[in-house]
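Asks: Mind having a look at this structure? Questions to follow.
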Amino acid sequence: MGLTSVSFVSFVLNGRRKKLDVHPLKRLLDVLREDCGLTGTKEGCGEGECGACTVLIDGVPVNSCLVPAAHADGTRVTTIEGLGGRHRLQRAFVEHGGAQCGICTPGMILAAVALGPRPSLHDIKVGLAGNLCRCTGYSAIYRSIQQSHV
Amino acid sequence: MSSRARKAVGRNVLRKEGHDKVTGAARYIDDLTFPGLLHARTIRSTIPAGEIVKVRFKGDRAGFTLVDHHDIPGRNIVALIDEDQPCLAERKIRHVAEPILLLVHEDREKLRAADVQIEYRPSTPNYDPERSAITFKKIAIDKGDLDAGFAAADVIVEGEYRTGLQEQLYIETNGVIAVPGSSVAGAAGGITVYGSMQCPYYVHRALVILLGLPAGKVRVIQTETGGGFGGKEEYPSMMAGHAALAALKTGRPVKLVYDRVEDMLATTKRHPSIVRHRTGVTRDGRLTAIDIDAVLDGGAYATLSAVVLSRGMIHAAGPYRCDHIRIRGRATMTNTPPNGAFRGFGAPQTQFAAEVHMDRIAERLGLDPVRVREINALRPGDTTATGQRLGKDSSALQVLREAVTRTGFRKRRRALAGTNRGIGLSLFFHGSGFTGAGEVKLAAKASLALTHKGARIHVASTEIGQGTRTMLAQIVADALGVRYDDVDVNAADTGEVPDSGPTVASRTCMIVGRILERCAEEMRARLGRLTPRQYLRAFGPLVITKQYERPAGMVWDDTVYKGDAYGSYGWGCDVVEVEVDRDTYEVRPTAFTTVHEIGKAIHPMLAVGQIEGGSAQGLGYAILEDVVMRDGRMANATLTNYIIPTSLDTPPMQVVLLENPYPHGPSGAKGVGEMPIDGPAPAVINALRHAGFDLREIPATPERVMLTSSVESTQRTPRTPRKSQAWV
Ligand code: FES
Ligand code: FES
């Protein structure tokens, strides 16, 4: 039923300390979008299948629709807003057609960040297998990631 | 004014909203909120056919508003083509998930927990489109004399082919927000609807009729849209109606955003098809007669079935020359959620049948698949099934030869023969723009407003991922002689832009782009030697509006389905290699090459993006995407069970663009959005046949592959005559 009980969850969000009184079981996705006002993180399925809600917790990509707020307590959370706008991957996704409708893009870029520098094509394919894109057929996403280093 | 600006057309300029999309700044419908916002939930039927007897709300009603058909001030229909579909069911139920009422509350948790029980008097549903008592639309195309064609044949080849439902699966689900009041100048009262959609003016018209409001009191604004693929062509009209009724009743903004399960259960999908071919051929491979009978399963209401059928039938004979053709098609009603628009719009279904059948013809004659297509491919000067004489911008042979050369098709075919791998190809075409007189009737308008630096585009054509804003701005920049960066694009807001028509039918570039090009040409002439700034200072605002003009000589007769069905066609050829797992029967595409001739690539990277994305959807359609219907209800309505291609399922793609300009398209451009999905499915099935699996139906799930009679591997040198197969 209603999420009424209140407790505090604190984490570092995009470099800034946050302390929020939210239900510990509230989805991190909703905490980010509703309580923190950061709508760059998207919902595509709500069941851990599409990756549109991907954020980084201590550098590791997670589906924020499956993560309860309490789980983020004491961690560093990075959302698309945390990349600023000048990140090499953001630039490359615009220049190489990695974003079409853009709804998968924030999650896709964060998943790509987690691949580290200069991943092989194989590593890219495996690393992005949990992030669905219905627009691009993925090829332009691979090109964007590979070209982001040049 | 100067024309020193660097040409934008043909260059990969940065897409207009690219930065917003990679930074999370782009606002999609669920990212928006309004003061006093309420949420809505749709209560839907749980039976496929029958009548509503009683509706009961259980529990505490405090804070809830209920909206049902009694709250409709205008007519209770979702206005589109036919007027058969209610916005909210009154008594009769025709499918599972039919909307009956809306619950509205400010707390989404309370909304989710609310319990509404509906008592029904069920009746017997029909799920078989061939046994339906209701036909939404019939189409007949006749060319030449069929009997004479069969009399001239040496061999007659028959076959039946089936395709399944497909879910568009845009990653952003459908959603709208209705806000009381339309702030269009002079209009008090009314309603504004924001939403994820392809066609703001479709929604606008539906709201005017549903709400009984004057057009000026209804305003529809598209928000950034996370994919459409046809799936946001008609359904947003229904949702906008629901949210608007709730907003008018409560006097507050109402948000209605579906979760994935609801979106999959309730919204439209690609029409399933059954297509039968009977074809006369000479021994040396010439088609003498084509006889096609097709049924599309329309689902419970007509929605767009009539026009989906139309496009499907016009493409049914494939890109082939034949003097004697008969095509019969019908779309019928079944007790399943209505099927509707999906990229390709009927053509993927019928060209699947045509292309799989073509390989069976080749096999029967002992010809190789390339040769039989070379012999019969439509050439400039030939006529199509509707009697359209093709111009120089027809490229069937070119795309075929390019694909065969690029892939070393014949050599690969020999190399793979007898293994668990196969290679197949498909040749296809796709008409750009509305069918027949559609564009004339629609009479699309577009406007260009002079700005201090350049111009602003005013169209209702929507950006849904394909790059509408970018591509239109490129066309205008060059025609006006300004920099691409100095052309911007107004929001698709019916309060501010003219009706340039829906964003469908691969028409935005070729049709709307050309209208804008003409606007820009006139604007340039008006400016003369003045810069935009100088002109504005001297003469004040300048807005140029133009309407679609039919190219001279284009003729279409809707009563007999004869004439120029489309202004122009794109042409494509796909080659795919597949591997079949010997134990699990899973089919994996391992290599994919496609050649597309699209007139002119305004933005090559965007065009390639459409082709790669559409091809991936086509491969999903062929192999993975299986909508399982049980008792009229999608049984696998989650992303866990309905599988679309992931990065690991999508093979490396080689895309080749050819350009054979269409004289009436902007810079020669034709459409590109839909064609890529026509080719992959037949190419996959033909590759499976080469690998020894005789399928006539998609998707090629492991179960289906396992159950097919395994044919001996089709390793033959071309032109070796061969005994006929038993299946004919
Ligand atoms: S919304 Fe979280 S995985 Fe789809
Ligand atoms: S860009 Fe649309 S889903 Fe990936």
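Chain lettering (A, B, ...) mirrors the order of the structure tokens, residue numbering begins at 1 for each chain separately, and ligand numbering begins at 1 in order of display.
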Using only C-alpha atoms and all ligand atoms, which protein or nucleic acid residues are at most 10 Å from ligand 2, as a PyMOL selection string?
Replies: (chain A and resi 44+50+52+97-108+131-138+140-141) or (chain B and resi 21+169-172+225-228+464-466+609+613)
Asks: Selected residues, N, CA and C atoms, written as a short mmCIF file (atom, residue, chain, number, x, y, z; two decimals), in the first residue's frame, please.
Replies:
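Resulting contents of result-v8.cif:
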```cif
data_model
loop_
_atom_site.label_atom_id
_atom_site.label_comp_id
_atom_site.auth_asym_id
_atom_site.auth_seq_id
_atom_site.Cartn_x
_atom_site.Cartn_y
_atom_site.Cartn_z
N GLY A 44 11.74 2.84 -18.87
CA GLY A 44 11.25 2.20 -20.09
C GLY A 44 10.41 0.97 -19.81
N CYS A 50 15.17 -3.00 -19.62
CA CYS A 50 15.50 -2.13 -20.74
C CYS A 50 16.73 -1.26 -20.53
N ALA A 52 16.93 1.76 -19.55
CA ALA A 52 16.75 3.21 -19.72
C ALA A 52 17.00 3.95 -18.41
N GLY A 97 25.57 9.92 -34.32
CA GLY A 97 24.23 9.35 -34.48
C GLY A 97 23.87 8.31 -33.44
N GLY A 98 24.52 8.34 -32.29
CA GLY A 98 24.21 7.36 -31.24
C GLY A 98 22.89 7.61 -30.55
N ALA A 99 22.35 8.83 -30.71
CA ALA A 99 21.05 9.15 -30.12
C ALA A 99 20.07 9.47 -31.24
N GLN A 100 19.00 8.70 -31.31
CA GLN A 100 17.92 9.07 -32.25
C GLN A 100 16.77 9.68 -31.45
N CYS A 101 15.87 8.86 -30.95
CA CYS A 101 14.78 9.46 -30.16
C CYS A 101 15.30 9.92 -28.81
N GLY A 102 16.40 9.34 -28.35
CA GLY A 102 17.06 9.84 -27.16
C GLY A 102 16.59 9.25 -25.84
N ILE A 103 15.56 8.42 -25.87
CA ILE A 103 15.01 7.96 -24.59
C ILE A 103 15.93 6.93 -23.93
N CYS A 104 16.67 6.17 -24.73
CA CYS A 104 17.60 5.19 -24.15
C CYS A 104 18.95 5.82 -23.87
N THR A 105 19.15 7.04 -24.37
CA THR A 105 20.49 7.60 -24.44
C THR A 105 21.15 7.85 -23.08
N PRO A 106 20.46 8.45 -22.12
CA PRO A 106 21.14 8.66 -20.84
C PRO A 106 21.64 7.35 -20.23
N GLY A 107 20.80 6.34 -20.25
CA GLY A 107 21.21 5.04 -19.71
C GLY A 107 22.34 4.42 -20.52
N MET A 108 22.23 4.56 -21.82
CA MET A 108 23.24 4.00 -22.72
C MET A 108 24.60 4.65 -22.47
N ASN A 131 20.95 -2.82 -22.17
CA ASN A 131 20.37 -1.52 -22.53
C ASN A 131 19.73 -1.63 -23.91
N LEU A 132 18.40 -1.59 -23.94
CA LEU A 132 17.71 -1.73 -25.22
C LEU A 132 17.63 -0.39 -25.94
N CYS A 133 17.84 -0.46 -27.24
CA CYS A 133 17.57 0.70 -28.09
C CYS A 133 16.72 0.19 -29.24
N ARG A 134 15.59 0.83 -29.48
CA ARG A 134 14.71 0.39 -30.55
C ARG A 134 14.94 1.18 -31.83
N CYS A 135 15.70 2.28 -31.72
CA CYS A 135 15.84 3.16 -32.88
C CYS A 135 17.06 2.85 -33.75
N THR A 136 18.19 2.60 -33.14
CA THR A 136 19.45 2.67 -33.89
C THR A 136 19.92 1.35 -34.46
N GLY A 137 19.44 0.22 -33.92
CA GLY A 137 20.05 -1.05 -34.29
C GLY A 137 21.47 -1.17 -33.74
N TYR A 138 21.82 -0.30 -32.82
CA TYR A 138 23.06 -0.32 -32.03
C TYR A 138 24.33 0.10 -32.77
N ALA A 140 25.27 2.58 -34.60
CA ALA A 140 25.72 3.96 -34.40
C ALA A 140 26.15 4.19 -32.96
N ILE A 141 25.61 3.40 -32.06
CA ILE A 141 26.04 3.51 -30.65
C ILE A 141 27.47 2.98 -30.51
N LYS B 21 19.38 15.74 -25.86
CA LYS B 21 19.15 14.31 -25.69
C LYS B 21 20.29 13.61 -24.97
N LEU B 169 7.16 -1.26 -29.64
CA LEU B 169 8.12 -1.19 -28.56
C LEU B 169 9.09 -0.01 -28.58
N TYR B 170 8.54 1.15 -28.88
CA TYR B 170 9.24 2.39 -28.56
C TYR B 170 9.63 2.31 -27.09
N ILE B 171 10.80 2.82 -26.73
CA ILE B 171 11.25 2.65 -25.34
C ILE B 171 10.51 3.61 -24.40
N GLU B 172 10.01 4.72 -24.92
CA GLU B 172 9.15 5.57 -24.11
C GLU B 172 7.71 5.13 -24.32
N THR B 225 9.60 12.98 -28.13
CA THR B 225 8.94 11.69 -28.24
C THR B 225 9.96 10.56 -28.37
N GLY B 226 9.86 9.62 -27.43
CA GLY B 226 10.86 8.55 -27.35
C GLY B 226 10.56 7.36 -28.23
N GLY B 227 10.44 7.63 -29.54
CA GLY B 227 10.18 6.57 -30.51
C GLY B 227 8.69 6.45 -30.80
N GLY B 228 8.37 6.07 -32.03
CA GLY B 228 6.96 5.93 -32.42
C GLY B 228 6.76 4.71 -33.29
N ILE B 464 10.64 12.29 -33.99
CA ILE B 464 10.41 11.13 -33.11
C ILE B 464 11.65 10.26 -33.07
N GLY B 465 12.78 10.86 -33.41
CA GLY B 465 14.03 10.12 -33.40
C GLY B 465 14.69 10.08 -34.77
N GLN B 466 13.87 10.29 -35.80
CA GLN B 466 14.39 10.12 -37.16
C GLN B 466 15.15 11.34 -37.66
N GLY B 609 21.08 5.76 -40.14
CA GLY B 609 20.47 5.45 -38.84
C GLY B 609 19.08 4.86 -39.00
N GLY B 613 18.39 0.98 -37.97
CA GLY B 613 17.36 0.77 -36.95
C GLY B 613 16.18 -0.01 -37.49
#
```
Asks: Could you tell me which residues of chain B sit within 8 Å of chain A when counting only C-alpha atoms, and give me the result as a PyMOL selection string?
Replies: chain B and resi 14-15+18-19+21-27+31+109-110+113+169-173+225-227+259-261+463-467+605-606+609-610+612-617+638-640+645-648+650+652-653
Asks: If you run DSSP over the backbone, which residues in chain A end up alpha helix (DSSP H)? Put them as a PyMOL selection string.
Replies: chain A and resi 28-30+88-95+105-113+121-127+139-147
Asks: Where in region 17-78 of chain A does DSSP assign strand (DSSP E), given as a list in words?
Replies: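 Of region 17-78 of chain A, the ones in strand (DSSP E) are Arg17, Lys18, Lys19, Leu20, Asp21, Val22, Thr54, Val55, Leu56, Ile57, Val60, Pro61, Val62, Asn63, Arg76, Val77 and Thr78 of chain A.
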Asks: Please, could you write that set of residues out with N, CA and C atoms as a JSON list (two decimals), in the first residue's frame?
Replies:
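So part.json came out as:
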```json
[["chain", "number", "residue", "atom", "x", "y", "z"],
["A", 17, "ARG", "N", 26.39, 16.14, -1.72],
["A", 17, "ARG", "CA", 25.77, 15.34, -0.67],
["A", 17, "ARG", "C", 24.25, 15.59, -0.65],
["A", 18, "LYS", "N", 23.48, 14.51, -0.54],
["A", 18, "LYS", "CA", 22.02, 14.62, -0.48],
["A", 18, "LYS", "C", 21.52, 13.88, 0.74],
["A", 19, "LYS", "N", 20.58, 14.49, 1.44],
["A", 19, "LYS", "CA", 19.93, 13.77, 2.53],
["A", 19, "LYS", "C", 18.43, 13.91, 2.31],
["A", 20, "LEU", "N", 17.76, 12.78, 2.14],
["A", 20, "LEU", "CA", 16.35, 12.83, 1.76],
["A", 20, "LEU", "C", 15.51, 12.00, 2.71],
["A", 21, "ASP", "N", 14.34, 12.53, 3.04],
["A", 21, "ASP", "CA", 13.45, 11.70, 3.85],
["A", 21, "ASP", "C", 12.45, 11.00, 2.94],
["A", 22, "VAL", "N", 12.86, 9.85, 2.51],
["A", 22, "VAL", "CA", 12.01, 9.04, 1.63],
["A", 22, "VAL", "C", 11.90, 7.64, 2.21],
["A", 54, "THR", "N", 19.33, 3.31, -16.24],
["A", 54, "THR", "CA", 20.68, 3.05, -15.74],
["A", 54, "THR", "C", 21.31, 4.28, -15.09],
["A", 55, "VAL", "N", 21.83, 4.10, -13.89],
["A", 55, "VAL", "CA", 22.68, 5.11, -13.23],
["A", 55, "VAL", "C", 23.91, 4.38, -12.70],
["A", 56, "LEU", "N", 24.89, 5.13, -12.27],
["A", 56, "LEU", "CA", 26.07, 4.49, -11.69],
["A", 56, "LEU", "C", 26.02, 4.61, -10.18],
["A", 57, "ILE", "N", 26.19, 3.49, -9.50],
["A", 57, "ILE", "CA", 26.36, 3.52, -8.04],
["A", 57, "ILE", "C", 27.80, 3.11, -7.77],
["A", 60, "VAL", "N", 29.39, 1.67, -10.74],
["A", 60, "VAL", "CA", 28.86, 0.43, -11.32],
["A", 60, "VAL", "C", 27.45, 0.69, -11.87],
["A", 61, "PRO", "N", 27.17, 0.31, -13.13],
["A", 61, "PRO", "CA", 25.84, 0.57, -13.68],
["A", 61, "PRO", "C", 24.77, -0.32, -13.03],
["A", 62, "VAL", "N", 23.67, 0.30, -12.64],
["A", 62, "VAL", "CA", 22.55, -0.46, -12.07],
["A", 62, "VAL", "C", 21.26, 0.04, -12.71],
["A", 63, "ASN", "N", 20.24, -0.81, -12.69],
["A", 63, "ASN", "CA", 18.91, -0.39, -13.13],
["A", 63, "ASN", "C", 18.22, 0.27, -11.94],
["A", 76, "ARG", "N", 28.02, 6.74, -3.87],
["A", 76, "ARG", "CA", 28.09, 7.86, -4.82],
["A", 76, "ARG", "C", 27.23, 7.48, -6.03],
["A", 77, "VAL", "N", 26.24, 8.31, -6.31],
["A", 77, "VAL", "CA", 25.33, 8.04, -7.43],
["A", 77, "VAL", "C", 25.62, 9.04, -8.55],
["A", 78, "THR", "N", 25.77, 8.51, -9.76],
["A", 78, "THR", "CA", 25.97, 9.39, -10.92],
["A", 78, "THR", "C", 24.83, 9.21, -11.90]]
```
Asks: For Lys92 (chain B), please output as a PyMOL selection string all residues within 7 Å (counting only C-alpha atoms; exclusion window: fewer than 6 positions along the same chain).
Replies: chain B and resi 50-52
Asks: Would you pick out the contacts of Arg588 (chain B) at 7 Å or less, using only C-alpha atoms, so that residues sharing its chain but fewer than 6 positions from it are not included, and give the list as a list of chain:residue names?
Replies: B:Val578, B:Glu579, B:Val580
Asks: Based on the selection just made, write all heavy atoms of those residues as an mmCIF file, in the first residue's frame.
Replies:
```cif
data_model
loop_
_atom_site.group_PDB
_atom_site.id
_atom_site.type_symbol
_atom_site.label_atom_id
_atom_site.label_comp_id
_atom_site.auth_asym_id
_atom_site.auth_seq_id
_atom_site.Cartn_x
_atom_site.Cartn_y
_atom_site.Cartn_z
ATOM 1 N N VAL B 578 22.454 -16.537 -41.890
ATOM 2 C CA VAL B 578 21.972 -17.014 -40.587
ATOM 3 C C VAL B 578 22.684 -18.311 -40.215
ATOM 4 O O VAL B 578 23.226 -19.018 -41.064
ATOM 5 C CB VAL B 578 20.446 -17.281 -40.583
ATOM 6 C CG1 VAL B 578 19.664 -16.039 -40.918
ATOM 7 C CG2 VAL B 578 20.089 -18.420 -41.534
ATOM 8 N N GLU B 579 22.636 -18.570 -38.931
ATOM 9 C CA GLU B 579 23.192 -19.816 -38.411
ATOM 10 C C GLU B 579 22.109 -20.429 -37.535
ATOM 11 O O GLU B 579 21.496 -19.722 -36.741
ATOM 12 C CB GLU B 579 24.417 -19.475 -37.583
ATOM 13 C CG GLU B 579 25.150 -20.659 -37.037
ATOM 14 C CD GLU B 579 26.398 -20.196 -36.278
ATOM 15 O OE1 GLU B 579 26.267 -19.284 -35.442
ATOM 16 O OE2 GLU B 579 27.478 -20.714 -36.546
ATOM 17 N N VAL B 580 21.876 -21.718 -37.689
ATOM 18 C CA VAL B 580 20.856 -22.389 -36.873
ATOM 19 C C VAL B 580 21.567 -23.304 -35.880
ATOM 20 O O VAL B 580 22.384 -24.144 -36.279
ATOM 21 C CB VAL B 580 19.892 -23.222 -37.746
ATOM 22 C CG1 VAL B 580 18.807 -23.854 -36.867
ATOM 23 C CG2 VAL B 580 19.257 -22.341 -38.815
#
```
